[in-house]
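Presented below is the structure to which this report refers.
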Amino acid sequence: MKKITLTLAFIGFIFQSFSQDCIFYCPVKEGTQTETKHYNAKDKIQSTDKQTILSKKVTGKDVAVTIKSESYDDKDKLVGSRDLTFECKNGVFFFDMKNLIDPQTMSAYKDMEVKMTATNLDMPSVLSVGKTLGDGNVQMAVSNQGMNMMTMTINITNRKIEAIEKITTPAGTFECYKISYDVETKMMFKMQSKGIDWVAKEIGTVRSENYDSKGKLVGYNVLTSIK
């Protein structure tokens with residue numbers, strides 16, 4: 001089974017207000033660069049994500065931001081690159097669930113037909129402890145010459161803001177919203193896991209942790225640089 005990046009750390013959430021009604025949850029200033037490192041439970045680095053803000057487009061109260069995202073392996077070798085677009089409409093930020101499928105997984109099917117459908121995650125402008133957030137899912141179907149080769153579904157449910165906590169990483173110390181959620185991945189078999197993200201205003205996801213169905217830490221991600 002190909003590595004699936006399940007953490008919302010991949011999108012680099014940041015709080016930035018364009019108007020009274022629209023707060024964005026990803027980097028917005030053109031040229032901003034972030035770096036997030038991914039570790040296993042034994043603190044061994046697994047991969048690195050580097051993101052650069054390319055552009056932003058404002059249409060009334062709606063905003064779209066384009067981000068260049070590069071993925072590197074544990075030897076710091078580039079393994080994938082793509083442009084991502086995030087939107088804020090009517091005061092609600094939407095995270096495209098299709099971005100959870102990492103570039104390495106996509107490259108494995110580059111010579112096949114890939115179709116994806118998704119219900120995107122939403123992040124409202126006002127966040128408070130105890131607030132529950134909407135669910136999201138993505139389905140990827142791979143076929144070759146009309147023959148179905150693989151179908152994968154990722155569901156994210158039970159999202160809740162648990163607390164406000166201060167988190168320290170190599171990038172600094174930040175006051176964060178702690179957001180928990182459940183993840184279900186279905187391909188040849190079903191896997192259940194849990195995630196926790198710590199998200200800071202005007203910074204992004206500072207840290208995230210992934211746990212298996214028994215509550216054992218599987219891996220974690222850390223924001224190591226923002227400039």
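In the structure tokens, chains take letters A, B, ... by order of appearance, with residues numbered from 1 within each chain and ligands from 1 in the order shown.
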Rows by chain and residue number, stretch 79-109 of chain A within 9 Å of stretch 141-156 of chain A, shortest pair, only C-alpha atoms, as a Markdown table:
| residue | atom | partner | partner_atom | distance |
| --- | --- | --- | --- | --- |
| A:Met97 | CA | A:Ile154 | CA | 8.7 |
| A:Leu100 | CA | A:Ile154 | CA | 8.6 |
| A:Tyr109 | CA | A:Val142 | CA | 7.5 |
Which stretch 83-181 of chain A residues have any atom within 12 Å of an atom of stretch 53-57 of chain A, and for each, what is the nearest pair of atoms with distance in Å to one decimal, counting only C-alpha atoms, rows sorted by chain and number, as JSON lines?
{"residue": "A:Asp83", "atom": "CA", "partner": "A:Leu54", "partner_atom": "CA", "distance": 8.8}
{"residue": "A:Leu84", "atom": "CA", "partner": "A:Ile53", "partner_atom": "CA", "distance": 9.6}
{"residue": "A:Thr85", "atom": "CA", "partner": "A:Lys56", "partner_atom": "CA", "distance": 9.3}
{"residue": "A:Phe86", "atom": "CA", "partner": "A:Lys56", "partner_atom": "CA", "distance": 9.5}
{"residue": "A:Glu87", "atom": "CA", "partner": "A:Lys57", "partner_atom": "CA", "distance": 9.4}
{"residue": "A:Cys88", "atom": "CA", "partner": "A:Lys57", "partner_atom": "CA", "distance": 10.6}
Would you export the selected residues with C-alpha atoms as a PDB file, in the first residue's frame, please?
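As written to disk, again29.pdb reads:
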ATOM      1  CA  ASP A  83       0.465  23.379  -7.439  1.00  0.00           C
ATOM      2  CA  LEU A  84      -2.401  23.507  -4.927  1.00  0.00           C
ATOM      3  CA  THR A  85      -5.288  25.968  -4.805  1.00  0.00           C
ATOM      4  CA  PHE A  86      -7.225  26.852  -1.646  1.00  0.00           C
ATOM      5  CA  GLU A  87     -10.336  29.018  -1.490  1.00  0.00           C
ATOM      6  CA  CYS A  88     -12.323  31.067   0.989  1.00  0.00           C
TER       7      CYS A  88
END
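Once A:Cys176 and its same-chain neighbours fewer than 5 positions away are set aside, Ala163, Ile164, Glu165, Lys166, Ile167, Asp197, Trp198, Val199, Ala200, Lys201, Ile203, Gly204, Thr205, Val206 and Arg207 of chain A remain within 10 Å of it when counting only C-alpha atoms.
Here the residues within chain A that DSSP labels alpha helix (DSSP H) on the basis of the backbone are Pro103, Gln104, Thr105, Met106 and Ser107 of chain A.
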Provide the atom CA of A:Asn120 to atom CA of A:Phe93 distance in Å, to one decimal place.
-> 9.8 Å
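Shortest separation to A:Lys186 among A:Lys214, A:Val222, A:Met140, A:Thr36 occurs at residue A:Met140, atoms counted being only C-alpha atoms.
Residue nearest A:Asn210 within the list A:Ile226, A:Val58, A:Val183, A:Met123: A:Val183 [criterion: smallest interatomic distance, only C-alpha atoms].
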Hey, what's within 12 Å of A:Gly215 if we count only C-alpha atoms and toss same-chain stuff fewer than 4 positions away? As a VMD selection string, please?
-> chain A and resid 182 192 to 196 209 to 211 219
Okay, now the selection with N, CA and C atoms, as a tab-separated table (two decimals), in the first residue's frame?
chain	number	residue	atom	x	y	z
A	182	ASP	N	-10.98	11.89	13.33
A	182	ASP	CA	-10.82	10.47	13.01
A	182	ASP	C	-10.59	10.33	11.51
A	192	GLN	N	-8.40	2.34	10.46
A	192	GLN	CA	-8.89	3.42	11.30
A	192	GLN	C	-7.71	4.08	12.00
A	193	SER	N	-7.71	5.39	12.08
A	193	SER	CA	-6.66	6.11	12.78
A	193	SER	C	-7.22	7.42	13.32
A	194	LYS	N	-6.41	8.10	14.11
A	194	LYS	CA	-6.81	9.38	14.69
A	194	LYS	C	-5.71	10.41	14.46
A	195	GLY	N	-6.11	11.66	14.40
A	195	GLY	CA	-5.14	12.72	14.21
A	195	GLY	C	-5.41	13.91	15.11
A	196	ILE	N	-4.34	14.64	15.42
A	196	ILE	CA	-4.45	15.89	16.17
A	196	ILE	C	-3.56	16.92	15.49
A	209	GLU	N	-0.07	15.07	14.96
A	209	GLU	CA	0.27	13.71	15.39
A	209	GLU	C	-0.75	12.73	14.83
A	210	ASN	N	-0.27	11.55	14.43
A	210	ASN	CA	-1.14	10.49	13.91
A	210	ASN	C	-1.06	9.27	14.81
A	211	TYR	N	-2.22	8.69	15.14
A	211	TYR	CA	-2.31	7.53	16.03
A	211	TYR	C	-3.07	6.41	15.34
A	219	GLY	N	3.22	8.52	13.95
A	219	GLY	CA	4.15	9.51	13.42
A	219	GLY	C	3.67	10.91	13.75
From stretch 51-187 of chain A, collect each residue whose DSSP state is strand (DSSP E or B) and return the set as number ranges by chain.
-> A: 51-59, 62-73, 78-89, 92-95, 113-119, 121-124, 132-133, 136-144, 147-169, 172-186
Measuring atom to atom with only C-alpha atoms, identify which of A:Asp96, A:Asp212, A:Glu30, A:Glu35 is nearest to A:Thr185.
-> A:Asp212
